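Undergrad: What follows is work27.tsv, TSV, C-alpha atoms and all ligand atoms.
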chain	number	residue	atom	x	y	z
Q	1213	MET	CA	0.00	0.00	0.00
Q	1214	ALA	CA	1.15	3.50	-0.68
Q	1215	ASN	CA	0.05	6.89	0.40
Q	1216	ASP	CA	-0.83	9.45	-2.17
Q	1217	ALA	CA	1.92	11.80	-1.08
Q	1218	ASN	CA	1.91	13.87	-4.25
Q	1219	GLN	CA	-1.71	14.88	-3.90
Q	1220	SER	CA	-2.47	18.16	-2.26
Q	1221	PRO	CA	-5.13	16.90	0.16
Q	1222	GLY	CA	-8.66	17.86	-0.63
Q	1223	GLU	CA	-7.61	20.13	-3.50
Q	1224	SER	CA	-6.54	18.17	-6.54
Q	1225	ALA	CA	-9.19	15.46	-6.13
Q	1226	GLU	CA	-12.84	16.43	-6.41
Q	1227	ALA	CA	-14.52	16.79	-3.01
Q	1228	ALA	CA	-17.16	14.22	-2.11
Q	1229	ILE	CA	-18.01	16.01	1.11
Q	1230	SER	CA	-17.15	19.51	2.13
Q	1231	THR	CA	-17.78	21.45	5.26
Q	1232	HIS	CA	-17.36	25.10	6.06
Q	1233	ASN	CA	-17.40	26.78	9.47
Q	1234	PHE	CA	-19.11	23.73	10.91
Q	1235	ASN	CA	-19.93	23.74	14.63
Q	1236	ALA	CA	-21.70	21.06	16.66
Q	1237	TRP	CA	-23.13	21.02	20.17
Q	1238	TYR	CA	-24.66	18.61	22.63
Q	1239	GLY	CA	-26.83	20.93	24.71
Q	1240	ASP	CA	-24.49	23.72	25.88
Q	1241	PHE	CA	-21.35	21.69	25.23
Q	1242	GLN	CA	-19.64	22.55	21.97
Q	1243	ALA	CA	-18.09	19.34	20.59
Q	1244	LEU	CA	-16.83	20.72	17.24
Q	1245	HIS	CA	-15.50	24.20	16.49
Q	1246	ASP	CA	-15.42	25.91	13.13
Q	1247	LEU	CA	-14.47	22.92	10.96
Q	1248	SER	CA	-13.67	23.63	7.34
Q	1249	LEU	CA	-12.39	20.73	5.27
Q	1250	GLN	CA	-12.90	18.72	2.13
Q	1251	ILE	CA	-13.07	14.95	1.87
Q	1252	PRO	CA	-11.81	14.02	-1.58
Q	1253	ARG	CA	-13.63	11.54	-3.76
Q	1254	ASN	CA	-12.13	8.03	-4.14
Q	1255	ARG	CA	-9.60	8.57	-1.42
Q	1256	VAL	CA	-9.31	7.26	2.14
Q	1257	THR	CA	-9.36	10.01	4.74
Q	1258	ALA	CA	-8.35	9.07	8.30
Q	1259	PHE	CA	-9.63	11.02	11.31
Q	1260	ILE	CA	-7.25	10.72	14.23
Q	1261	GLY	CA	-7.07	12.36	17.65
Q	1262	PRO	CA	-7.43	11.58	21.35
Q	1263	SER	CA	-10.64	10.24	22.83
Q	1264	GLY	CA	-13.40	12.83	23.03
Q	1265	CYS	CA	-11.98	15.18	20.38
Q	1266	GLY	CA	-15.11	14.94	18.23
Q	1267	LYS	CA	-14.20	12.45	15.47
Q	1268	SER	CA	-17.32	10.31	15.85
Q	1269	THR	CA	-19.50	13.38	16.30
Q	1270	PHE	CA	-18.40	14.63	12.90
Q	1271	LEU	CA	-18.96	11.22	11.32
Q	1272	ARG	CA	-22.40	11.05	12.89
Q	1273	TRP	CA	-23.36	14.41	11.42
Q	1274	ILE	CA	-22.29	13.30	7.95
Q	1275	ASN	CA	-24.99	10.63	7.80
Q	1276	ARG	CA	-27.38	12.24	10.26
Q	1277	MET	CA	-27.05	9.70	13.04
Q	1278	ASN	CA	-27.34	12.65	15.39
Q	1279	ASP	CA	-30.98	13.09	14.38
Q	1280	THR	CA	-31.78	10.66	17.17
Q	1281	VAL	CA	-29.90	12.73	19.77
Q	1282	ALA	CA	-32.36	15.35	20.96
Q	1283	ILE	CA	-29.70	17.68	22.40
Q	1284	ALA	CA	-27.48	17.60	19.28
Q	1285	ARG	CA	-27.44	20.65	16.99
Q	1286	ALA	CA	-25.10	22.09	14.41
Q	1287	SER	CA	-24.38	25.23	12.42
Q	1288	GLY	CA	-22.36	26.05	9.31
Q	1289	SER	CA	-22.41	24.09	6.08
Q	1290	LEU	CA	-22.00	20.38	5.45
Q	1291	GLN	CA	-22.51	19.34	1.83
Q	1292	MET	CA	-22.28	16.25	-0.34
Q	1293	GLY	CA	-22.04	17.89	-3.76
Q	1294	ASP	CA	-25.18	20.02	-3.98
Q	1295	LEU	CA	-26.94	18.14	-1.22
Q	1296	ASP	CA	-27.23	20.01	2.07
Q	1297	LEU	CA	-26.61	17.32	4.68
Q	1298	LEU	CA	-28.01	19.50	7.46
Q	1299	SER	CA	-31.28	20.48	5.83
Q	1300	ASP	CA	-34.58	19.29	7.34
Q	1301	ARG	CA	-35.75	18.73	3.76
Q	1302	THR	CA	-32.99	16.20	3.00
Q	1303	ASP	CA	-34.36	12.67	2.61
Q	1304	VAL	CA	-32.45	10.90	5.38
Q	1305	VAL	CA	-33.30	7.36	4.21
Q	1306	ASP	CA	-31.88	8.10	0.77
Q	1307	LEU	CA	-28.93	9.93	2.33
Q	1308	ARG	CA	-28.05	6.80	4.33
Q	1309	ARG	CA	-28.19	4.75	1.15
Q	1310	ARG	CA	-25.66	7.14	-0.36
Q	1311	ILE	CA	-23.52	7.34	2.77
Q	1312	GLY	CA	-23.00	3.94	4.40
Q	1313	ILE	CA	-21.56	3.46	7.87
Q	1314	VAL	CA	-19.64	0.63	9.52
Q	1315	PHE	CA	-19.31	0.70	13.29
Q	1316	GLN	CA	-16.66	-0.30	15.79
Q	1317	LYS	CA	-18.40	-3.52	16.76
Q	1318	PRO	CA	-19.73	-5.67	13.92
Q	1319	ASN	CA	-23.52	-5.35	14.15
Q	1320	PRO	CA	-25.13	-7.85	11.78
Q	1321	PHE	CA	-28.90	-8.17	11.94
Q	1322	PRO	CA	-30.22	-11.32	13.67
Q	1323	LYS	CA	-30.89	-12.82	10.25
Q	1324	THR	CA	-29.14	-15.07	7.77
Q	1325	ILE	CA	-25.98	-14.00	5.98
Q	1326	PHE	CA	-27.97	-13.59	2.75
Q	1327	GLU	CA	-30.72	-11.56	4.39
Q	1328	ASN	CA	-28.21	-9.19	5.99
Q	1329	VAL	CA	-26.91	-8.14	2.58
Q	1330	ALA	CA	-30.30	-8.31	0.82
Q	1331	PHE	CA	-32.01	-6.06	3.37
Q	1332	GLY	CA	-30.91	-2.67	1.97
Q	1333	PRO	CA	-31.42	-3.50	-1.72
Q	1334	ARG	CA	-34.93	-4.80	-0.93
Q	1335	LEU	CA	-35.70	-1.50	0.78
Q	1336	HIS	CA	-34.27	0.79	-1.88
Q	1337	MET	CA	-34.45	-1.06	-5.20
Q	1338	ARG	CA	-36.99	-2.93	-7.26
Q	1339	ILE	CA	-35.13	-6.01	-8.37
Q	1340	SER	CA	-35.96	-9.61	-9.15
Q	1341	ARG	CA	-34.89	-12.51	-6.96
Q	1342	SER	CA	-32.14	-13.49	-9.40
Q	1343	GLU	CA	-30.84	-9.91	-9.58
Q	1344	LEU	CA	-30.89	-9.78	-5.79
Q	1345	GLU	CA	-28.90	-13.02	-5.59
Q	1346	GLU	CA	-26.34	-11.60	-8.01
Q	1347	LEU	CA	-26.09	-8.39	-6.04
Q	1348	VAL	CA	-25.61	-10.23	-2.74
Q	1349	GLU	CA	-22.83	-12.31	-4.27
Q	1350	TRP	CA	-21.21	-9.19	-5.79
Q	1351	ALA	CA	-21.23	-7.37	-2.43
Q	1352	LEU	CA	-19.87	-10.37	-0.53
Q	1353	ARG	CA	-17.11	-10.80	-3.11
Q	1354	LYS	CA	-16.28	-7.10	-3.00
Q	1355	ALA	CA	-16.06	-7.30	0.80
Q	1356	ALA	CA	-13.67	-10.25	0.47
Q	1357	VAL	CA	-15.84	-12.66	2.46
Q	1358	TRP	CA	-17.63	-14.62	-0.31
Q	1359	ASN	CA	-15.37	-17.65	-0.24
Q	1360	GLU	CA	-15.89	-18.04	3.48
Q	1361	VAL	CA	-19.69	-17.76	3.40
Q	1362	LYS	CA	-20.84	-19.01	-0.01
Q	1363	ASP	CA	-21.80	-22.43	1.33
Q	1364	ARG	CA	-23.70	-21.07	4.33
Q	1365	LEU	CA	-25.65	-18.10	2.98
Q	1366	ASN	CA	-28.78	-19.30	4.79
Q	1367	GLY	CA	-26.93	-19.73	8.06
Q	1368	PRO	CA	-27.06	-17.15	10.84
Q	1369	ALA	CA	-24.80	-14.11	10.56
Q	1370	PHE	CA	-24.02	-14.49	14.26
Q	1371	GLY	CA	-22.30	-17.80	13.45
Q	1372	LEU	CA	-19.44	-15.95	11.75
Q	1373	SER	CA	-16.21	-14.85	13.41
Q	1374	GLY	CA	-15.82	-11.18	14.38
Q	1375	GLY	CA	-13.67	-10.42	11.34
Q	1376	GLN	CA	-16.11	-12.19	9.02
Q	1377	GLN	CA	-19.04	-10.35	10.61
Q	1378	GLN	CA	-17.30	-7.02	10.03
Q	1379	ARG	CA	-16.69	-7.87	6.35
Q	1380	LEU	CA	-20.37	-8.92	6.15
Q	1381	CYS	CA	-21.30	-5.48	7.54
Q	1382	ILE	CA	-19.12	-3.88	4.86
Q	1383	ALA	CA	-20.91	-6.01	2.22
Q	1384	ARG	CA	-24.24	-4.87	3.66
Q	1385	ALA	CA	-23.10	-1.24	3.51
Q	1386	ILE	CA	-21.96	-1.41	-0.13
Q	1387	ALA	CA	-24.92	-3.45	-1.40
Q	1388	THR	CA	-27.09	-0.33	-1.71
Q	1389	GLY	CA	-24.51	1.42	-3.91
Q	1390	PRO	CA	-23.29	4.19	-1.59
Q	1391	GLU	CA	-20.87	6.87	-2.74
Q	1392	VAL	CA	-19.32	7.32	0.69
Q	1393	LEU	CA	-18.39	4.76	3.35
Q	1394	LEU	CA	-17.87	5.96	6.91
Q	1395	MET	CA	-15.96	3.61	9.19
Q	1396	ASP	CA	-15.86	4.31	12.91
Q	1397	GLU	CA	-12.91	2.32	14.31
Q	1398	PRO	CA	-13.89	-0.69	12.18
Q	1399	CYS	CA	-11.04	-2.90	13.38
Q	1400	SER	CA	-10.91	-2.14	17.08
Q	1401	ALA	CA	-12.77	-5.34	18.01
Q	1402	LEU	CA	-10.76	-7.55	15.63
Q	1403	ASP	CA	-7.64	-9.71	15.82
Q	1404	PRO	CA	-4.50	-8.68	13.85
Q	1405	ALA	CA	-5.19	-11.00	10.87
Q	1406	SER	CA	-8.77	-9.75	10.45
Q	1407	THR	CA	-7.52	-6.17	10.89
Q	1408	LEU	CA	-5.05	-6.57	8.04
Q	1409	ALA	CA	-7.76	-8.12	5.83
Q	1410	ILE	CA	-10.04	-5.14	6.47
Q	1411	GLU	CA	-7.22	-2.65	5.88
Q	1412	ASP	CA	-6.43	-4.26	2.51
Q	1413	LEU	CA	-10.10	-4.13	1.69
Q	1414	ILE	CA	-10.38	-0.45	2.63
Q	1415	TYR	CA	-7.49	0.42	0.37
Q	1416	GLU	CA	-9.04	-1.50	-2.54
Q	1417	LEU	CA	-12.54	-0.13	-2.02
Q	1418	ARG	CA	-11.32	3.43	-2.45
Q	1419	GLU	CA	-11.26	2.88	-6.20
Q	1420	GLN	CA	-15.03	2.96	-6.10
Q	1421	TYR	CA	-15.92	4.70	-2.86
Q	1422	THR	CA	-14.93	7.70	-0.82
Q	1423	ILE	CA	-13.90	6.37	2.57
Q	1424	VAL	CA	-13.57	8.07	5.93
Q	1425	ILE	CA	-12.05	6.01	8.71
Q	1426	VAL	CA	-11.85	6.99	12.37
Q	1427	THR	CA	-8.98	5.21	14.05
Q	1428	HIS	CA	-6.90	5.25	17.21
Q	1429	ASN	CA	-4.34	3.09	15.52
Q	1430	MET	CA	-1.60	5.24	14.00
Q	1431	GLN	CA	-0.15	2.34	12.00
Q	1432	GLN	CA	-3.56	1.73	10.55
Q	1433	ALA	CA	-4.01	5.37	9.52
Q	1434	SER	CA	-0.60	5.38	7.88
Q	1435	ARG	CA	-1.16	1.99	6.19
Q	1436	CYS	CA	-4.51	2.59	4.61
Q	1437	SER	CA	-5.25	6.31	4.23
Q	1438	ASP	CA	-4.32	8.95	1.66
Q	1439	GLN	CA	-4.97	11.98	3.80
Q	1440	THR	CA	-5.17	12.38	7.56
Q	1441	ALA	CA	-7.03	14.90	9.67
Q	1442	PHE	CA	-5.87	15.40	13.27
Q	1443	PHE	CA	-8.53	16.63	15.70
Q	1444	TYR	CA	-7.93	17.95	19.19
Q	1445	GLU	CA	-10.55	19.27	21.61
Q	1446	GLY	CA	-13.14	19.61	18.87
Q	1447	LYS	CA	-10.89	21.49	16.47
Q	1448	LEU	CA	-9.27	20.41	13.24
Q	1449	ILE	CA	-5.59	20.98	13.99
Q	1450	GLU	CA	-4.01	19.65	10.84
Q	1451	LEU	CA	-5.04	18.09	7.55
Q	1452	GLY	CA	-2.50	16.82	5.06
Q	1453	SER	CA	-1.38	13.86	3.04
Q	1454	THR	CA	-0.92	10.92	5.38
Q	1455	SER	CA	2.81	10.75	4.70
Q	1456	GLN	CA	3.21	14.45	5.51
Q	1457	VAL	CA	1.15	14.29	8.72
Q	1458	PHE	CA	3.11	11.29	9.98
Q	1459	THR	CA	6.59	12.25	8.87
Q	1460	LYS	CA	6.58	16.06	8.78
Q	1461	PRO	CA	3.63	17.35	10.77
Q	1462	SER	CA	3.44	21.11	10.64
Q	1463	ASN	CA	1.85	21.46	14.06
Q	1464	LYS	CA	3.51	20.63	17.39
Q	1465	GLN	CA	0.33	19.03	18.83
Q	1466	THR	CA	0.08	16.77	15.78
Q	1467	GLU	CA	3.72	15.80	16.16
Q	1468	ASP	CA	3.25	14.97	19.86
Q	1469	TYR	CA	0.15	12.91	19.10
Q	1470	VAL	CA	1.50	10.90	16.17
Q	1471	SER	CA	4.73	10.24	18.05
Q	1472	GLY	CA	2.73	8.88	21.00
Q	1473	LYS	CA	3.53	11.63	23.51
Q	1474	PHE	CA	-0.14	11.91	24.44
Q	1475	GLY	CA	-3.49	10.45	23.54
U	1	LIG	N1	-24.85	11.89	22.96
U	1	LIG	C1	-24.01	12.74	23.56
U	1	LIG	N2	-24.45	13.59	24.53
U	1	LIG	C2	-23.61	14.45	25.14
U	1	LIG	N3	-22.29	14.56	24.87
U	1	LIG	C3	-21.79	13.72	23.94
U	1	LIG	C4	-22.62	12.78	23.22
U	1	LIG	N4	-21.83	12.09	22.36
U	1	LIG	C5	-20.58	12.59	22.51
U	1	LIG	N5	-20.56	13.56	23.44
U	1	LIG	C6	-19.39	14.34	23.87
U	1	LIG	O1	-18.84	15.00	22.74
U	1	LIG	C7	-17.42	14.97	22.78
U	1	LIG	C8	-16.90	14.32	21.50
U	1	LIG	O2	-17.26	12.95	21.51
U	1	LIG	P1	-16.93	11.97	20.29
U	1	LIG	O3	-17.57	10.66	20.58
U	1	LIG	O4	-17.27	12.65	19.03
U	1	LIG	O5	-15.35	11.89	20.41
U	1	LIG	P2	-14.33	10.90	19.69
U	1	LIG	O6	-13.17	11.73	19.28
U	1	LIG	O7	-15.03	10.12	18.64
U	1	LIG	O8	-13.94	9.96	20.90
U	1	LIG	P3	-13.49	8.40	20.91
U	1	LIG	O9	-12.19	8.35	20.18
U	1	LIG	O10	-13.36	8.08	22.37
U	1	LIG	O11	-14.59	7.61	20.24
U	1	LIG	C9	-17.02	14.21	24.05
U	1	LIG	O12	-16.76	15.16	25.06
U	1	LIG	C10	-18.27	13.42	24.37
U	1	LIG	O13	-18.40	13.19	25.76
Translate the structure described by the file into structure tokens.

TA:
Amino acid sequence: MANDANQSPGESAEAAISTHNFNAWYGDFQALHDLSLQIPRNRVTAFIGPSGCGKSTFLRWINRMNDTVAIARASGSLQMGDLDLLSDRTDVVDLRRRIGIVFQKPNPFPKTIFENVAFGPRLHMRISRSELEELVEWALRKAAVWNEVKDRLNGPAFGLSGGQQQRLCIARAIATGPEVLLMDEPCSALDPASTLAIEDLIYELREQYTIVIVTHNMQQASRCSDQTAFFYEGKLIELGSTSQVFTKPSNKQTEDYVSGKFG
């Protein structure tokens, strides 16, 4: 794997998501301050920073998970192309089809392996049974888990290992044809072999998807991302190509964090 060190982050590639002067609160507590950044299309962007710095909050605003948090509010702009991600008029069901999310702990539905992947397409698309079967196979192949599950598609998803369940969740997320995949510490519950499998997958998937990964694992950010954003106390401190942020950070706080002095 290689980082895209020659790209000027967020500038030379077209932006999939852009935010300007974005602020977010939980009640009176301001969790994010004046964020302005671009997430380039078909790249992997890593969000790093110590616990509580607002990484997940930002991710949750991107696909409106915070709609269920009564005390959450935001200001500023957050756009996917022309689509205003903060508008009350935005169709949130369609938005979540376009922006998939994979969580820290694999969370398959209590259904069969097949039904986990078929769920989203059934909700969003009108397709025949044979088209659905093809789509499920395509998504499971793309998520690099097909060979392990092809003979047990009607078996329970909970019967899979943690790493397999997480790849199943990735298959479920891509089956509806999203443009963006958000991953909130997707490997933190996995063993090293499964982690490496998911990292390889993330790097391959970027050819078709825009990926944002939140991670506490510095090696992981440097292995599988093109650009890295360092957050601290709700502020974006530094954004650059991953190789620059890890080898020549321009900010002292970034340097201390990536070198393990705090966090
Ligand atoms: N539902 C909520 N209600 C109130 N405060 C919240 C809520 N969710 C998060 N916060 C607060 O917002 C701040 C940012 O939290 P967030 O989860 O975004 O941080 P994070 O950088 O993702 O942390 P971690 O790396 O530990 O997951 C923290 O101070 C947290 O306590």

Undergrad: When the cut-off is 9 Å and you count only C-alpha atoms and all ligand atoms, which residues lie near ligand LIG 1 (chain U), shown as number ranges by chain?

TA: Q: 1237-1239, 1241-1244, 1259-1272, 1278, 1281-1284, 1396-1397, 1426-1428, 1443-1446

Undergrad: Work out how far apart CA of Arg1435 in chain Q and CA of Met1395 in chain Q are and give it in Å to one decimal.

TA: 15.2 Å

Undergrad: By how many Å are CA of Ser1248 in chain Q and CA of Ser1462 in chain Q apart?

TA: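 Spanning CA of Ser1248 in chain Q to CA of Ser1462 in chain Q is a straight-line distance of 17.6 Å.
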
Undergrad: Considering only C-alpha atoms, return as a ChimeraX atom specification whatever protein or nucleic-acid residues lie within 10 Å of Lys1354 in chain Q, sequence-local ones (same chain, fewer than 6 positions apart) excluded.

TA: /Q:1348,1379,1382-1383,1386-1387,1413,1416-1417

Undergrad: For CA of Asp1306 in chain Q and CA of Ala1351 in chain Q, determine how far apart the two atoms are, in Å to one decimal place.

TA: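 Spanning CA of Asp1306 in chain Q to CA of Ala1351 in chain Q is a straight-line distance of 19.1 Å.
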
Undergrad: Please identify all polymer residues within 7 Å of Asn1235 in chain Q, counting all atoms listed in the file, omitting same-chain residues fewer than 6 positions from it, and present them as a PyMOL selection string.

TA: chain Q and resi 1244-1247+1286-1288

Undergrad: Give me, as a PyMOL selection string, all polymer residues having an atom no more than 7 Å from Ala1258 in chain Q, counting all atoms listed in the file and skipping those fewer than 4 positions away in the same chain.

TA: chain Q and resi 1424-1427+1433+1437+1439-1441

Undergrad: I need every residue sitting at most 9 Å from the point (1.1, 9.5, 16.9) (coordinates as in the file, only C-alpha atoms considered), written as a PyMOL selection string.

TA: chain Q and resi 1260-1261+1429-1431+1458+1466-1475

Undergrad: Please identify all polymer residues within 6 Å of range 1317-1330 of chain Q, counting only C-alpha atoms, omitting same-chain residues fewer than 4 positions from it, and present them as a ChimeraX atom specification.

TA: /Q:1348,1365-1369,1377-1378,1384

Undergrad: Rank Q:Glu1419, Q:Val1314, Q:Phe1370, Q:Ala1409 by their smallest atom-to-atom distance to Val1357 in chain Q, using all atoms listed in the file, and report the top residue only.

TA: Q:Ala1409

Undergrad: Would you mind listing what lies within 10 Å of Leu1298 in chain Q as an mmCIF file with C-alpha atoms, keeping the file's coordinate frame, with all atoms listed in the file counted and same-chain residues fewer than 3 positions away left out?

TA:
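For reference, around_29.cif as written:
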data_model
loop_
_atom_site.group_PDB
_atom_site.id
_atom_site.type_symbol
_atom_site.label_atom_id
_atom_site.label_comp_id
_atom_site.auth_asym_id
_atom_site.auth_seq_id
_atom_site.Cartn_x
_atom_site.Cartn_y
_atom_site.Cartn_z
ATOM 1 C CA TRP Q 1273 -23.360 14.410 11.420
ATOM 2 C CA ILE Q 1274 -22.290 13.300 7.950
ATOM 3 C CA ASN Q 1275 -24.990 10.630 7.800
ATOM 4 C CA ARG Q 1276 -27.380 12.240 10.260
ATOM 5 C CA ASP Q 1279 -30.980 13.090 14.380
ATOM 6 C CA ARG Q 1285 -27.440 20.650 16.990
ATOM 7 C CA ALA Q 1286 -25.100 22.090 14.410
ATOM 8 C CA SER Q 1287 -24.380 25.230 12.420
ATOM 9 C CA GLY Q 1288 -22.360 26.050 9.310
ATOM 10 C CA SER Q 1289 -22.410 24.090 6.080
ATOM 11 C CA LEU Q 1290 -22.000 20.380 5.450
ATOM 12 C CA GLN Q 1291 -22.510 19.340 1.830
ATOM 13 C CA LEU Q 1295 -26.940 18.140 -1.220
ATOM 14 C CA ARG Q 1301 -35.750 18.730 3.760
ATOM 15 C CA THR Q 1302 -32.990 16.200 3.000
ATOM 16 C CA VAL Q 1304 -32.450 10.900 5.380
#

Undergrad: Using all atoms listed in the file, find the one residue out of Q:Val1392, Q:Leu1448, Q:Cys1381, Q:Ala1225 that sits nearest to Arg1418 in chain Q.

TA: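 Closest to Arg1418 in chain Q, using all atoms listed in the file: Q:Val1392.
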